Amino acid sequence: METLSRAIDALNEKVGLYSSYLVLPLIGAVIYEVFMRYVFNAPTSWGFEMTTFFYGMHFMLGLGDALRTNNHVCIDIFESKLPVKKRAVLRIITGLFIFIPAIGCMTFGAIKYAFTSWSMLEHASSSWGPAIYPYKTVMAIGFVLLFLAGMSKLLQDFRTLRTAN
């Protein structure tokens, strides 16, 4: 189980690292769009959508790594006051009854959403009209990685429960 948890964490770490570089083309697209709009008074038809796509990919592919490193927003007023074993029990209960069902449904929905988009080779209805099925696939991958990160956290909490004094 520990090996599986480490493998999931390593995968999320790598994907998080590589997806962090998506801010570079995002910055490039924003700078280009601002330059074209305000210097040449010739805005592009693709600038806004492109920045949305880059930001969305950056955000979705970083979900699992954010959970792995505890960078999601959480309110741990009660949890922080608990001893280690009780904290692990609370995390296991919330993981099993809230996180896994909720993110599991969202993951399933995102995968279904991506398959539907691929089946019709969906394009945006804008004047630029880019293919959006690849971006919906990235969304599904992001949810899969988040779900796996949650499973890794759950395995770590079970290990903490077994080994804590």
# chains A, B, ... in the order shown; residues from 1 in each chain; ligands from 1
call {"tool": "residues_around", "arguments": {"residues": "Ala140 in chain A", "least_positions_apart": "4", "cutoff": "10 Å", "atoms": "only C-alpha atoms", "output": "VMD selection string"}}
result
chain A and resid 60 to 61 106 to 115 134 to 136 144 to 146
call {"tool": "write_last_selection", "arguments": {"atoms": "C-alpha atoms", "output": "short mmCIF file (atom, residue, chain, number, x, y, z; two decimals), in the first residue's frame"}}
result
data_model
loop_
_atom_site.label_atom_id
_atom_site.label_comp_id
_atom_site.auth_asym_id
_atom_site.auth_seq_id
_atom_site.Cartn_x
_atom_site.Cartn_y
_atom_site.Cartn_z
CA MET A 60 -6.81 21.14 -13.53
CA LEU A 61 -3.46 19.37 -13.86
CA MET A 106 -17.02 14.41 -10.53
CA THR A 107 -14.29 12.25 -12.07
CA PHE A 108 -16.84 9.95 -13.66
CA GLY A 109 -18.78 12.96 -14.96
CA ALA A 110 -15.64 14.60 -16.37
CA ILE A 111 -14.63 11.40 -18.16
CA LYS A 112 -18.13 11.05 -19.61
CA TYR A 113 -18.04 14.73 -20.60
CA ALA A 114 -14.72 14.21 -22.41
CA PHE A 115 -15.96 11.08 -24.23
CA PRO A 134 -8.64 18.00 -25.91
CA TYR A 135 -9.29 20.51 -23.13
CA LYS A 136 -12.19 18.49 -21.78
CA VAL A 144 -8.48 11.43 -12.12
CA LEU A 145 -5.25 12.77 -10.63
CA LEU A 146 -7.17 14.48 -7.81
#
call {"tool": "residues_around", "arguments": {"residues": "Leu4 in chain A", "least_positions_apart": "5", "cutoff": "12 Å", "atoms": "only C-alpha atoms", "output": "list in words"}}
result
Asp9, Ala10, Leu11, Leu148, Ala149, Met151, Ser152, Lys153, Leu154, Leu155 and Gln156 of chain A
call {"tool": "write_last_selection", "arguments": {"atoms": "N, CA and C atoms", "output": "tab-separated table (two decimals), in the first residue's frame"}}
result
chain	number	residue	atom	x	y	z
A	9	ASP	N	1.80	9.68	-5.50
A	9	ASP	CA	2.39	10.98	-5.13
A	9	ASP	C	3.45	11.41	-6.14
A	10	ALA	N	4.27	10.46	-6.59
A	10	ALA	CA	5.31	10.78	-7.57
A	10	ALA	C	4.68	11.23	-8.89
A	11	LEU	N	3.62	10.55	-9.31
A	11	LEU	CA	2.92	10.92	-10.54
A	11	LEU	C	2.35	12.33	-10.42
A	148	LEU	N	-6.93	10.14	-7.41
A	148	LEU	CA	-5.80	9.30	-7.00
A	148	LEU	C	-5.07	9.91	-5.82
A	149	ALA	N	-4.90	11.23	-5.81
A	149	ALA	CA	-4.24	11.89	-4.68
A	149	ALA	C	-5.05	11.70	-3.41
A	151	MET	N	-6.96	9.11	-2.79
A	151	MET	CA	-6.75	7.71	-2.40
A	151	MET	C	-5.40	7.56	-1.69
A	152	SER	N	-4.39	8.25	-2.18
A	152	SER	CA	-3.07	8.21	-1.55
A	152	SER	C	-3.14	8.76	-0.12
A	153	LYS	N	-3.84	9.89	0.03
A	153	LYS	CA	-4.01	10.47	1.37
A	153	LYS	C	-4.73	9.50	2.29
A	154	LEU	N	-5.74	8.83	1.77
A	154	LEU	CA	-6.49	7.86	2.57
A	154	LEU	C	-5.60	6.71	3.00
A	155	LEU	N	-4.78	6.20	2.09
A	155	LEU	CA	-3.83	5.13	2.44
A	155	LEU	C	-2.84	5.61	3.50
A	156	GLN	N	-2.39	6.84	3.39
A	156	GLN	CA	-1.47	7.40	4.39
A	156	GLN	C	-2.15	7.54	5.74
call {"tool": "residues_around", "arguments": {"residues": "Leu90 in chain A", "least_positions_apart": "5", "cutoff": "9 Å", "atoms": "only C-alpha atoms", "output": "PyMOL selection string"}}
result
chain A and resi 79+85+95
call {"tool": "residues_around", "arguments": {"residues": "range 120-127 of chain A", "least_positions_apart": "4", "cutoff": "9 Å", "atoms": "only C-alpha atoms", "output": "VMD selection string"}}
result
chain A and resid 45 to 46 49 115 to 116 131 to 133
call {"tool": "residues_around", "arguments": {"residues": "Ala29 in chain A", "least_positions_apart": "6", "cutoff": "10 Å", "atoms": "only C-alpha atoms", "output": "number ranges by chain"}}
result
A: 23, 35, 46-51, 54
call {"tool": "select_by_dssp", "arguments": {"residues": "range 74-159 of chain A", "states": "helix (DSSP H, G or I)", "output": "PyMOL selection string"}}
result
chain A and resi 79-81+84-119+133-159
